[in-house]
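Student: Compact mmCIF, C-alpha atoms, file upload00.txt:
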# COMPACT_ATOMS: atom_id res chain seq x y z
CA MET A 23 -54.18 139.33 -30.68
CA ALA A 24 -56.29 141.96 -32.40
CA HIS A 25 -58.28 144.92 -31.13
CA ILE A 26 -61.80 144.61 -32.53
CA LEU A 27 -64.41 147.37 -32.64
CA ILE A 28 -68.02 146.17 -32.54
CA THR A 29 -71.02 148.42 -33.13
CA SER A 30 -74.16 147.01 -31.54
CA GLY A 31 -77.82 147.69 -30.82
CA PRO A 32 -80.21 150.20 -32.37
CA THR A 33 -79.95 153.96 -32.47
CA ARG A 34 -82.75 156.43 -31.84
CA GLN A 35 -83.68 159.49 -33.88
CA TYR A 36 -85.93 161.86 -31.96
CA LEU A 37 -88.85 163.70 -33.64
CA ASP A 38 -89.53 165.83 -30.56
CA PRO A 39 -88.53 165.63 -26.85
CA VAL A 40 -90.51 162.39 -26.43
CA ARG A 41 -90.98 160.43 -29.66
CA TYR A 42 -88.30 158.69 -31.68
CA LEU A 43 -87.75 156.37 -34.61
CA SER A 44 -85.91 153.14 -33.76
CA ASN A 45 -85.95 149.37 -34.18
CA ALA A 46 -86.03 146.37 -31.87
CA SER A 47 -82.34 145.46 -32.13
CA SER A 48 -81.43 144.04 -28.71
CA GLY A 49 -77.63 144.11 -28.84
CA LYS A 50 -77.65 140.32 -28.44
CA MET A 51 -75.69 139.65 -31.65
CA GLY A 52 -73.14 142.35 -30.68
CA ALA A 53 -72.77 140.87 -27.19
CA SER A 54 -72.31 137.36 -28.60
CA LEU A 55 -69.71 138.58 -31.12
CA ALA A 56 -67.88 140.41 -28.31
CA GLN A 57 -67.78 137.27 -26.18
CA ALA A 58 -66.58 135.16 -29.11
CA ALA A 59 -63.81 137.70 -29.86
CA LEU A 60 -62.75 137.84 -26.20
CA ASP A 61 -62.70 134.02 -26.09
CA LEU A 62 -60.18 134.10 -28.97
CA GLY A 63 -57.98 136.43 -26.91
CA HIS A 64 -58.80 139.69 -28.70
CA ASP A 65 -59.46 143.11 -27.18
CA VAL A 66 -62.97 144.41 -27.73
CA THR A 67 -64.46 147.91 -27.79
CA ILE A 68 -68.24 148.09 -28.20
CA VAL A 69 -70.09 151.21 -29.33
CA SER A 70 -73.73 150.54 -28.45
CA GLY A 71 -77.10 152.23 -28.79
CA PRO A 72 -79.67 151.92 -25.96
CA VAL A 73 -80.11 148.25 -25.04
CA ALA A 74 -81.15 146.30 -21.94
CA ILE A 75 -78.55 143.57 -22.49
CA LYS A 76 -75.39 143.30 -20.39
CA TYR A 77 -72.16 143.24 -22.41
CA PRO A 78 -69.15 141.12 -21.32
CA ASP A 79 -67.25 142.82 -18.46
CA ALA A 80 -63.96 142.44 -20.32
CA ALA A 81 -65.16 144.66 -23.19
CA THR A 82 -64.94 148.46 -23.18
CA VAL A 83 -68.44 149.85 -23.83
CA VAL A 84 -69.26 153.32 -25.18
CA ASP A 85 -72.98 154.23 -24.96
CA VAL A 86 -74.61 156.37 -27.64
CA ILE A 87 -78.15 157.36 -28.69
CA SER A 88 -78.24 158.61 -32.29
CA THR A 89 -76.60 157.40 -35.49
CA GLN A 90 -74.35 160.47 -35.63
CA GLU A 91 -73.21 159.79 -32.04
CA MET A 92 -72.51 156.18 -32.98
CA LEU A 93 -70.37 157.30 -35.92
CA ASP A 94 -68.53 159.85 -33.76
CA ALA A 95 -67.69 157.23 -31.11
CA ALA A 96 -66.84 154.51 -33.63
CA GLY A 97 -64.75 156.95 -35.70
CA LYS A 98 -62.81 157.88 -32.60
CA ALA A 99 -62.15 154.25 -31.59
CA PHE A 100 -61.45 152.80 -35.06
CA PRO A 101 -57.92 154.19 -35.66
CA LYS A 102 -56.72 152.20 -32.62
CA CYS A 103 -58.44 149.00 -33.80
CA ASP A 104 -57.45 146.31 -36.30
CA GLY A 105 -60.97 145.91 -37.62
CA VAL A 106 -64.65 146.60 -37.08
CA ILE A 107 -67.69 144.35 -36.99
CA ALA A 108 -70.70 146.57 -37.60
CA ALA A 109 -73.47 144.54 -35.99
CA ALA A 110 -75.52 147.58 -34.94
CA ALA A 111 -78.83 148.43 -36.55
CA PRO A 112 -78.51 152.22 -36.64
CA CYS A 113 -81.49 154.24 -37.85
CA ASP A 114 -80.76 155.13 -41.46
CA PHE A 115 -83.41 157.84 -41.56
CA LYS A 116 -83.88 160.79 -39.22
CA PRO A 117 -86.53 163.50 -39.07
CA LYS A 118 -85.55 166.49 -41.18
CA ASP A 119 -86.59 168.76 -38.31
CA ILE A 120 -86.79 168.03 -34.59
CA ALA A 121 -89.69 169.76 -32.84
CA GLU A 122 -88.61 171.62 -29.71
CA GLN A 123 -91.88 170.88 -27.95
CA LYS A 124 -93.90 167.67 -27.95
CA ILE A 125 -95.93 167.54 -31.18
CA LYS A 126 -99.59 167.90 -30.18
CA LYS A 127 -101.96 165.12 -31.05
CA SER A 128 -104.67 166.23 -33.40
CA SER A 129 -107.18 164.56 -35.66
CA GLN A 130 -105.16 165.78 -38.62
CA THR A 131 -102.72 163.73 -40.64
CA LEU A 132 -99.19 164.60 -39.61
CA GLU A 133 -96.71 164.81 -42.46
CA LEU A 134 -93.06 164.37 -41.55
CA GLN A 135 -89.97 164.44 -43.71
CA PHE A 136 -87.09 162.08 -43.08
CA VAL A 137 -83.58 162.40 -44.46
CA PRO A 138 -80.84 159.75 -44.61
CA THR A 139 -78.49 159.56 -41.64
CA VAL A 140 -74.74 159.26 -42.09
CA ASP A 141 -73.64 155.74 -43.12
CA ILE A 142 -71.38 154.49 -40.31
CA LEU A 143 -70.08 151.40 -42.10
CA ALA A 144 -69.35 153.32 -45.31
CA GLU A 145 -67.51 156.03 -43.36
CA LEU A 146 -65.39 153.51 -41.46
CA GLY A 147 -64.83 151.52 -44.69
CA SER A 148 -63.54 154.57 -46.52
CA SER A 149 -61.18 155.46 -43.65
CA LYS A 150 -59.45 152.08 -43.47
CA ARG A 151 -55.66 151.95 -43.34
CA THR A 152 -53.79 149.08 -45.01
CA ASN A 153 -54.42 145.93 -42.97
CA GLN A 154 -57.51 147.34 -41.27
CA TRP A 155 -60.65 145.37 -42.10
CA SER A 156 -64.39 145.90 -41.84
CA VAL A 157 -67.26 143.43 -41.63
CA GLY A 158 -70.79 144.70 -42.15
CA PHE A 159 -74.25 143.32 -41.47
CA ALA A 160 -77.04 143.60 -44.00
CA LEU A 161 -80.61 143.09 -42.90
CA GLU A 162 -82.74 142.49 -45.95
CA THR A 163 -86.37 141.51 -46.35
CA GLU A 164 -86.08 140.70 -50.07
CA ASP A 165 -83.41 139.99 -52.69
CA GLY A 166 -80.88 139.42 -49.87
CA PRO A 167 -77.64 138.10 -51.45
CA ALA A 168 -77.60 140.64 -54.29
CA ARG A 169 -78.33 143.58 -52.00
CA ALA A 170 -75.78 142.40 -49.44
CA LEU A 171 -73.06 142.13 -52.10
CA LYS A 172 -73.93 145.59 -53.39
CA LYS A 173 -73.56 146.96 -49.84
CA LEU A 174 -70.22 145.17 -49.40
CA VAL A 175 -68.84 146.88 -52.49
CA LYS A 176 -70.37 150.29 -51.81
CA LYS A 177 -69.19 150.34 -48.19
CA ASN A 178 -65.74 148.90 -48.92
CA CYS A 179 -66.24 145.89 -46.61
CA ASP A 180 -64.09 142.79 -46.50
CA LEU A 181 -67.04 140.57 -45.63
CA ILE A 182 -70.74 141.14 -45.16
CA VAL A 183 -73.12 139.14 -42.97
CA LEU A 184 -76.61 138.79 -44.43
CA ASN A 185 -79.53 138.17 -42.13
CA GLY A 186 -83.27 138.78 -42.04
CA PRO A 187 -85.73 140.66 -39.83
CA THR A 188 -86.42 137.55 -37.70
CA ALA A 189 -82.91 138.09 -36.27
CA ILE A 190 -84.06 141.22 -34.46
CA ASP A 191 -84.63 140.77 -30.72
CA SER A 192 -84.34 137.01 -31.12
CA SER A 193 -82.00 134.54 -29.42
CA GLU A 194 -81.41 132.80 -32.76
CA ASN A 195 -80.14 133.90 -36.12
CA GLN A 196 -79.63 132.51 -39.62
CA ILE A 197 -76.84 134.11 -41.61
CA ASP A 198 -74.77 133.94 -44.76
CA ILE A 199 -71.35 135.56 -44.92
CA ILE A 200 -70.79 136.97 -48.39
CA ALA A 201 -67.21 137.55 -49.59
CA PRO A 202 -66.13 140.19 -52.15
CA ALA A 203 -66.15 137.75 -55.08
CA GLY A 204 -69.79 137.05 -54.24
CA GLU A 205 -69.21 133.57 -52.82
CA VAL A 206 -70.83 132.46 -49.57
CA ALA A 207 -68.01 132.04 -47.04
CA LEU A 208 -70.29 130.64 -44.34
CA SER A 209 -73.94 129.70 -44.02
CA VAL A 210 -75.07 128.92 -40.49
CA ALA A 211 -78.18 128.97 -38.30
CA GLY A 212 -78.64 128.55 -34.56
CA ARG A 213 -78.29 130.37 -31.26
CA LYS A 214 -76.60 133.75 -31.60
CA GLU A 215 -73.71 132.60 -29.37
CA THR A 216 -73.02 129.73 -31.78
CA VAL A 217 -73.47 131.87 -34.89
CA ALA A 218 -71.14 134.53 -33.42
CA LYS A 219 -68.41 131.92 -32.82
CA GLU A 220 -68.68 130.74 -36.43
CA ILE A 221 -68.53 134.34 -37.72
CA LEU A 222 -65.43 135.04 -35.62
CA GLY A 223 -63.89 131.85 -36.98
CA VAL A 224 -64.25 133.15 -40.54
CA ILE A 225 -62.95 136.61 -39.56
CA GLN A 226 -59.99 134.99 -37.79
CA ALA A 227 -59.09 132.84 -40.79
CA ARG A 228 -59.72 135.36 -43.55
CA LEU A 229 -58.88 138.73 -42.01
CA ILE A 230 -56.92 138.48 -38.76
CA SER A 231 -54.49 135.60 -39.51
CA LYS A 232 -53.90 137.03 -43.00
CA ASN A 233 -52.67 140.29 -41.48
CA ARG A 234 -50.19 138.70 -39.06
CA MET B 3 -109.95 145.60 -1.82
CA ALA B 4 -110.15 146.86 -5.36
CA HIS B 5 -109.03 145.40 -8.69
CA ILE B 6 -106.89 148.01 -10.42
CA LEU B 7 -105.93 148.03 -14.09
CA ILE B 8 -102.61 149.74 -14.87
CA THR B 9 -101.40 150.50 -18.39
CA SER B 10 -97.63 150.86 -18.52
CA GLY B 11 -94.66 151.35 -20.82
CA PRO B 12 -94.50 152.59 -24.40
CA THR B 13 -96.14 151.14 -27.48
CA ARG B 14 -94.53 150.72 -30.90
CA GLN B 15 -95.97 151.62 -34.28
CA TYR B 16 -94.13 149.94 -37.13
CA LEU B 17 -93.38 151.74 -40.43
CA ASP B 18 -92.08 148.57 -42.09
CA PRO B 19 -90.92 145.15 -40.82
CA VAL B 20 -87.97 146.75 -38.98
CA ARG B 21 -88.51 150.40 -38.08
CA TYR B 22 -90.98 151.78 -35.57
CA LEU B 23 -92.03 154.93 -33.81
CA SER B 24 -91.84 154.77 -29.99
CA ASN B 25 -90.62 156.56 -26.88
CA ALA B 26 -88.29 155.77 -24.00
CA SER B 27 -90.96 154.97 -21.40
CA SER B 28 -89.41 152.28 -19.20
CA GLY B 29 -92.48 150.96 -17.36
CA LYS B 30 -90.86 152.04 -14.08
CA MET B 31 -93.78 154.29 -13.04
CA GLY B 32 -96.27 151.52 -13.90
CA ALA B 33 -94.24 148.98 -11.91
CA SER B 34 -94.04 151.35 -8.92
CA LEU B 35 -97.78 152.04 -9.06
CA ALA B 36 -98.45 148.29 -9.25
CA GLN B 37 -96.29 147.64 -6.18
CA ALA B 38 -97.95 150.48 -4.25
CA ALA B 39 -101.42 149.13 -5.13
CA LEU B 40 -100.44 145.58 -4.14
CA ASP B 41 -99.04 146.91 -0.84
CA LEU B 42 -102.48 148.38 -0.11
CA GLY B 43 -104.00 144.93 -0.66
CA HIS B 44 -105.46 145.53 -4.12
CA ASP B 45 -105.45 143.17 -7.12
CA VAL B 46 -103.47 144.47 -10.07
CA THR B 47 -103.63 143.74 -13.79
CA ILE B 48 -100.94 145.42 -15.92
CA VAL B 49 -101.22 145.87 -19.68
CA SER B 50 -97.70 146.73 -20.80
CA GLY B 51 -95.87 147.62 -23.99
CA PRO B 52 -92.32 146.32 -24.57
CA VAL B 53 -90.15 147.07 -21.53
CA ALA B 54 -87.05 145.56 -19.91
CA ILE B 55 -88.35 146.11 -16.36
CA LYS B 56 -89.64 143.27 -14.20
CA TYR B 57 -93.17 143.81 -12.86
CA PRO B 58 -94.19 142.56 -9.38
CA ASP B 59 -94.85 138.81 -9.41
CA ALA B 60 -98.22 139.30 -7.71
CA ALA B 61 -99.55 141.33 -10.65
CA THR B 62 -101.12 139.81 -13.77
CA VAL B 63 -99.24 141.13 -16.81
CA VAL B 64 -100.54 141.25 -20.39
CA ASP B 65 -97.86 142.10 -23.00
CA VAL B 66 -98.74 144.16 -26.07
CA ILE B 67 -96.88 145.99 -28.85
CA SER B 68 -99.09 148.59 -30.54
CA THR B 69 -101.54 151.16 -29.20
CA GLN B 70 -104.49 149.27 -30.70
CA GLU B 71 -103.33 146.07 -28.98
CA MET B 72 -103.02 147.98 -25.70
CA LEU B 73 -106.59 149.26 -26.05
CA ASP B 74 -107.85 145.78 -26.95
CA ALA B 75 -106.20 144.21 -23.89
CA ALA B 76 -107.14 147.06 -21.54
CA GLY B 77 -110.71 147.12 -22.87
CA LYS B 78 -111.01 143.40 -22.21
CA ALA B 79 -109.68 143.70 -18.64
CA PHE B 80 -111.43 146.93 -17.61
CA PRO B 81 -115.01 145.59 -17.11
CA LYS B 82 -113.69 143.31 -14.33
CA CYS B 83 -111.78 146.18 -12.66
CA ASP B 84 -112.80 148.96 -10.28
CA GLY B 85 -110.59 151.52 -11.92
CA VAL B 86 -107.71 152.17 -14.27
CA ILE B 87 -104.46 154.09 -13.87
CA ALA B 88 -103.23 154.88 -17.37
CA ALA B 89 -99.50 155.31 -16.79
CA ALA B 90 -98.50 154.03 -20.23
CA ALA B 91 -97.03 156.31 -22.88
CA PRO B 92 -98.73 154.83 -25.95
CA CYS B 93 -97.76 156.19 -29.36
CA ASP B 94 -100.47 158.62 -30.32
CA PHE B 95 -99.46 158.69 -33.97
CA LYS B 96 -98.99 155.76 -36.33
CA PRO B 97 -97.84 155.58 -39.95
CA LYS B 98 -100.79 155.86 -42.32
CA ASP B 99 -99.37 152.96 -44.32
CA ILE B 100 -97.07 150.16 -43.21
CA ALA B 101 -94.55 149.08 -45.85
CA GLU B 102 -94.52 145.32 -46.40
CA GLN B 103 -90.79 145.32 -47.12
CA LYS B 104 -88.03 147.28 -45.41
CA ILE B 105 -88.02 150.81 -46.85
CA LYS B 106 -84.81 151.18 -48.86
CA LYS B 107 -82.37 153.85 -47.83
CA SER B 108 -81.83 156.43 -50.51
CA SER B 109 -80.41 159.89 -50.72
CA GLN B 110 -83.94 161.21 -51.20
CA THR B 111 -86.08 162.81 -48.55
CA LEU B 112 -88.65 160.31 -47.34
CA GLU B 113 -92.10 161.73 -46.72
CA LEU B 114 -94.32 159.77 -44.37
CA GLN B 115 -97.86 160.44 -43.21
CA PHE B 116 -98.90 159.73 -39.66
CA VAL B 117 -102.46 159.48 -38.39
CA PRO B 118 -103.70 159.59 -34.78
CA THR B 119 -103.97 156.26 -32.96
CA VAL B 120 -107.00 155.36 -30.90
CA ASP B 121 -107.08 157.15 -27.52
CA ILE B 122 -106.99 154.41 -24.88
CA LEU B 123 -107.76 156.62 -21.89
CA ALA B 124 -110.67 158.34 -23.66
CA GLU B 125 -112.09 154.98 -24.74
CA LEU B 126 -111.88 153.53 -21.22
CA GLY B 127 -113.20 156.80 -19.76
CA SER B 128 -116.26 156.74 -22.00
CA SER B 129 -116.98 153.09 -21.13
CA LYS B 130 -116.99 153.57 -17.34
CA ARG B 131 -119.84 152.09 -15.31
CA THR B 132 -121.08 153.92 -12.19
CA ASN B 133 -118.41 153.62 -9.50
CA GLN B 134 -115.66 152.79 -11.98
CA TRP B 135 -112.91 155.39 -12.03
CA SER B 136 -110.06 156.38 -14.31
CA VAL B 137 -106.80 158.21 -13.62
CA GLY B 138 -104.77 159.47 -16.55
CA PHE B 139 -101.23 160.69 -17.02
CA ALA B 140 -100.40 163.76 -19.06
CA LEU B 141 -96.88 164.35 -20.24
CA GLU B 142 -96.55 167.96 -21.31
CA THR B 143 -93.53 170.00 -22.35
CA GLU B 144 -95.35 173.35 -22.13
CA ASP B 145 -98.51 174.85 -20.63
CA GLY B 146 -98.86 171.76 -18.41
CA PRO B 147 -101.69 172.39 -15.90
CA ALA B 148 -104.10 173.82 -18.50
CA ARG B 149 -103.44 171.02 -20.99
CA ALA B 150 -103.71 168.36 -18.31
CA LEU B 151 -107.08 169.71 -17.13
CA LYS B 152 -108.33 169.79 -20.72
CA LYS B 153 -107.32 166.15 -21.13
CA LEU B 154 -109.04 165.23 -17.85
CA VAL B 155 -112.32 166.68 -19.09
CA LYS B 156 -112.05 165.37 -22.64
CA LYS B 157 -111.15 161.85 -21.52
CA ASN B 158 -113.68 161.73 -18.67
CA CYS B 159 -111.02 161.12 -16.00
CA ASP B 160 -111.51 161.41 -12.26
CA LEU B 161 -107.93 162.59 -11.72
CA ILE B 162 -105.02 163.33 -13.99
CA VAL B 163 -101.32 163.13 -13.14
CA LEU B 164 -99.21 165.80 -14.82
CA ASN B 165 -95.53 165.18 -15.41
CA GLY B 166 -92.77 166.25 -17.80
CA PRO B 167 -90.42 164.57 -20.27
CA THR B 168 -87.69 164.20 -17.63
CA ALA B 169 -89.92 161.49 -16.10
CA ILE B 170 -89.24 159.19 -19.04
CA ASP B 171 -86.76 156.41 -18.35
CA SER B 172 -85.78 158.07 -15.06
CA SER B 173 -85.83 156.69 -11.52
CA GLU B 174 -87.35 159.95 -10.28
CA ASN B 175 -90.45 161.93 -11.11
CA GLN B 176 -92.11 165.22 -10.23
CA ILE B 177 -95.87 165.24 -10.52
CA ASP B 178 -99.03 167.23 -9.83
CA ILE B 179 -102.37 165.49 -9.53
CA ILE B 180 -105.09 167.69 -11.00
CA ALA B 181 -108.69 167.16 -9.90
CA PRO B 182 -111.80 167.91 -12.00
CA ALA B 183 -112.38 171.33 -10.42
CA GLY B 184 -108.85 172.24 -11.52
CA GLU B 185 -107.31 172.13 -8.04
CA VAL B 186 -104.00 170.41 -7.39
CA ALA B 187 -104.76 167.37 -5.21
CA LEU B 188 -101.10 166.48 -4.73
CA SER B 189 -97.76 167.89 -5.70
CA VAL B 190 -94.79 165.62 -5.06
CA ALA B 191 -91.28 164.90 -6.30
CA GLY B 192 -88.88 162.06 -5.57
CA ARG B 193 -88.14 158.47 -6.43
CA LYS B 194 -90.88 156.84 -8.49
CA GLU B 195 -91.58 154.31 -5.71
CA THR B 196 -92.29 157.19 -3.31
CA VAL B 197 -94.29 159.18 -5.85
CA ALA B 198 -96.34 156.05 -6.70
CA LYS B 199 -97.21 155.54 -3.02
CA GLU B 200 -98.40 159.13 -2.74
CA ILE B 201 -100.49 158.81 -5.91
CA LEU B 202 -102.09 155.61 -4.62
CA GLY B 203 -102.81 157.41 -1.34
CA VAL B 204 -104.82 160.06 -3.21
CA ILE B 205 -106.61 157.44 -5.33
CA GLN B 206 -107.41 155.45 -2.19
CA ALA B 207 -108.84 158.47 -0.39
CA ARG B 208 -110.70 160.08 -3.29
CA LEU B 209 -111.79 157.20 -5.48
CA ILE B 210 -111.58 153.81 -3.77
CA SER B 211 -112.81 154.64 -0.23
CA LYS B 212 -115.59 156.80 -1.71
CA ASN B 213 -116.97 153.83 -3.61
CA ARG B 214 -117.08 151.49 -0.63
What would you get if you wrote out this structure as structure tokens?
Tutor:
Amino acid sequence: MAHILITSGPTRQYLDPVRYLSNASSGKMGASLAQAALDLGHDVTIVSGPVAIKYPDAATVVDVISTQEMLDAAGKAFPKCDGVIAAAAPCDFKPKDIAEQKIKKSSQTLELQFVPTVDILAELGSSKRTNQWSVGFALETEDGPARALKKLVKKNCDLIVLNGPTAIDSSENQIDIIAPAGEVALSVAGRKETVAKEILGVIQARLISKNR
Amino acid sequence: MAHILITSGPTRQYLDPVRYLSNASSGKMGASLAQAALDLGHDVTIVSGPVAIKYPDAATVVDVISTQEMLDAAGKAFPKCDGVIAAAAPCDFKPKDIAEQKIKKSSQTLELQFVPTVDILAELGSSKRTNQWSVGFALETEDGPARALKKLVKKNCDLIVLNGPTAIDSSENQIDIIAPAGEVALSVAGRKETVAKEILGVIQARLISKNR
């Protein structure tokens, strides 16, 4: 039995007390992965951004808002875990400055500067102990396999799951799992519950059983 | 019996196929206003941005994403209605350009330009027939009463409900209803269901009964 950390859902980066940058990630893939991991007898800790979905009761859930909060919570949980599946879609940009008061609407063009947020998967990847593993998700709209492989290397992942923007807030998904040598370890499409089971099967065979 | 249009929830303005600007409006105030209006025997049409909340079954619900879509749907419904309660929190800025592909993360500062969206309440307010009425919501973080009154005048509202950012995604609210002469027609705090009933009471007395 392994203890698996799953990051899930979107994060939010506020511009002012009201407005934020986010994405439509529903947490559905994270919830399906959690259930699939629990079904295999593993312990699951989920660090999740704001979602409406209900996670499995048997999982421990830590709620966060921003990308930095997600890293803080995941960084705290990871040392006690055997591996992480980073299924979240954290904002990778944040406003350079956060306005203290609501930005007033005007007829003028508003120019805002955004800076990169911390990279959760890269941080966790660089902190891995021997036998700890990390699986990332890459959401690409073009040039998917090459970009996913580049992310795998850069973020020190053991596997990376490539999917597209149609995965967001959908009950279905179509994914390829890319392994470090660049080969496709799994290519599957269907309901997220089914896809999650297949992904866990690959993680079990390649990462968990290997470390027994 | 009146036919009341209610706008509810947030809108989203996409920057690219994945990322959007939005706010945490839950649709709870709109749902409570809808229930209070139905309880008084009125017909209700709700135009709502993306929310997780369930609206009353007896209401007609039109789902939209962006501020322009909300205006289009509300503008189509409004001629058949006696009045509108604009409880939505539509994005009032949108990216000047929408990237066709997901904007790549880089270490660089990203500079984005935002332009004002169309003003739904002002558009509906300027299209009112005799006897049609409009009630707006103003969410202010500073200088509330003065800004709310200014909005009332500018957007040709009959009443405006002033609340603060703590109202967002909360089960409670604290509001003042400001009337055109600047007087406070109602000041109430409590659960949104209770606040909604009180607001409908003022609308009933000042706007609906008057037009009988």
Student: Can you pull out every residue within 9 Å of Pro182 in chain B, counting all atoms listed in the file, but drop anything in the same chain fewer than 4 positions away, and send it as an MDAnalysis selection string?
Tutor: chainID B and resid 151 154:155 159:162
Student: Find the spatial neighbours of Ala53 in chain A, counting all atoms listed in the file, within a cut-off of 8 Å - ignore same-chain residues fewer than 2 positions away - and output them as a PyMOL selection string.
Tutor: chain A and resi 30+49-51+55-57+75-78
Student: Please identify all residues of chain A having at least one atom at most 10 Å from any atom of chain B, considering all atoms listed in the file, and return them as a PyMOL selection string.
Tutor: chain A and resi 34-37+39-47+72-75+111+113-118+122-139+161-164+186-188+190
Student: Using CA of Val206 in chain A and CA of Pro32 in chain A as the two end points, give the distance in Å to one decimal.
Tutor: 26.4 Å
Student: Considering all atoms listed in the file, return as a list in words whatever protein or nucleic-acid residues lie within 10 Å of Ile87 in chain B, sequence-local ones (same chain, fewer than 3 positions apart) excluded.
Tutor: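 Surrounding residues, per the criterion: Ile6, Leu7, Ile8, Thr9, Ser10, Gly32, Leu35, Ala36, Ile48, Ala90, Leu123, Trp135, Ser136, Val137, Gly138, Phe139, Cys159, Leu161, Ile162, Val163, Leu202 and Ile205 of chain B.
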Student: Counting only C-alpha atoms, what is within 9 Å of range 98-105 of chain A, bar same-chain residues fewer than 6 positions away, as a PyMOL selection string?
Tutor: chain A and resi 24-28+65-67+69+146+149-151+153-157+229-230
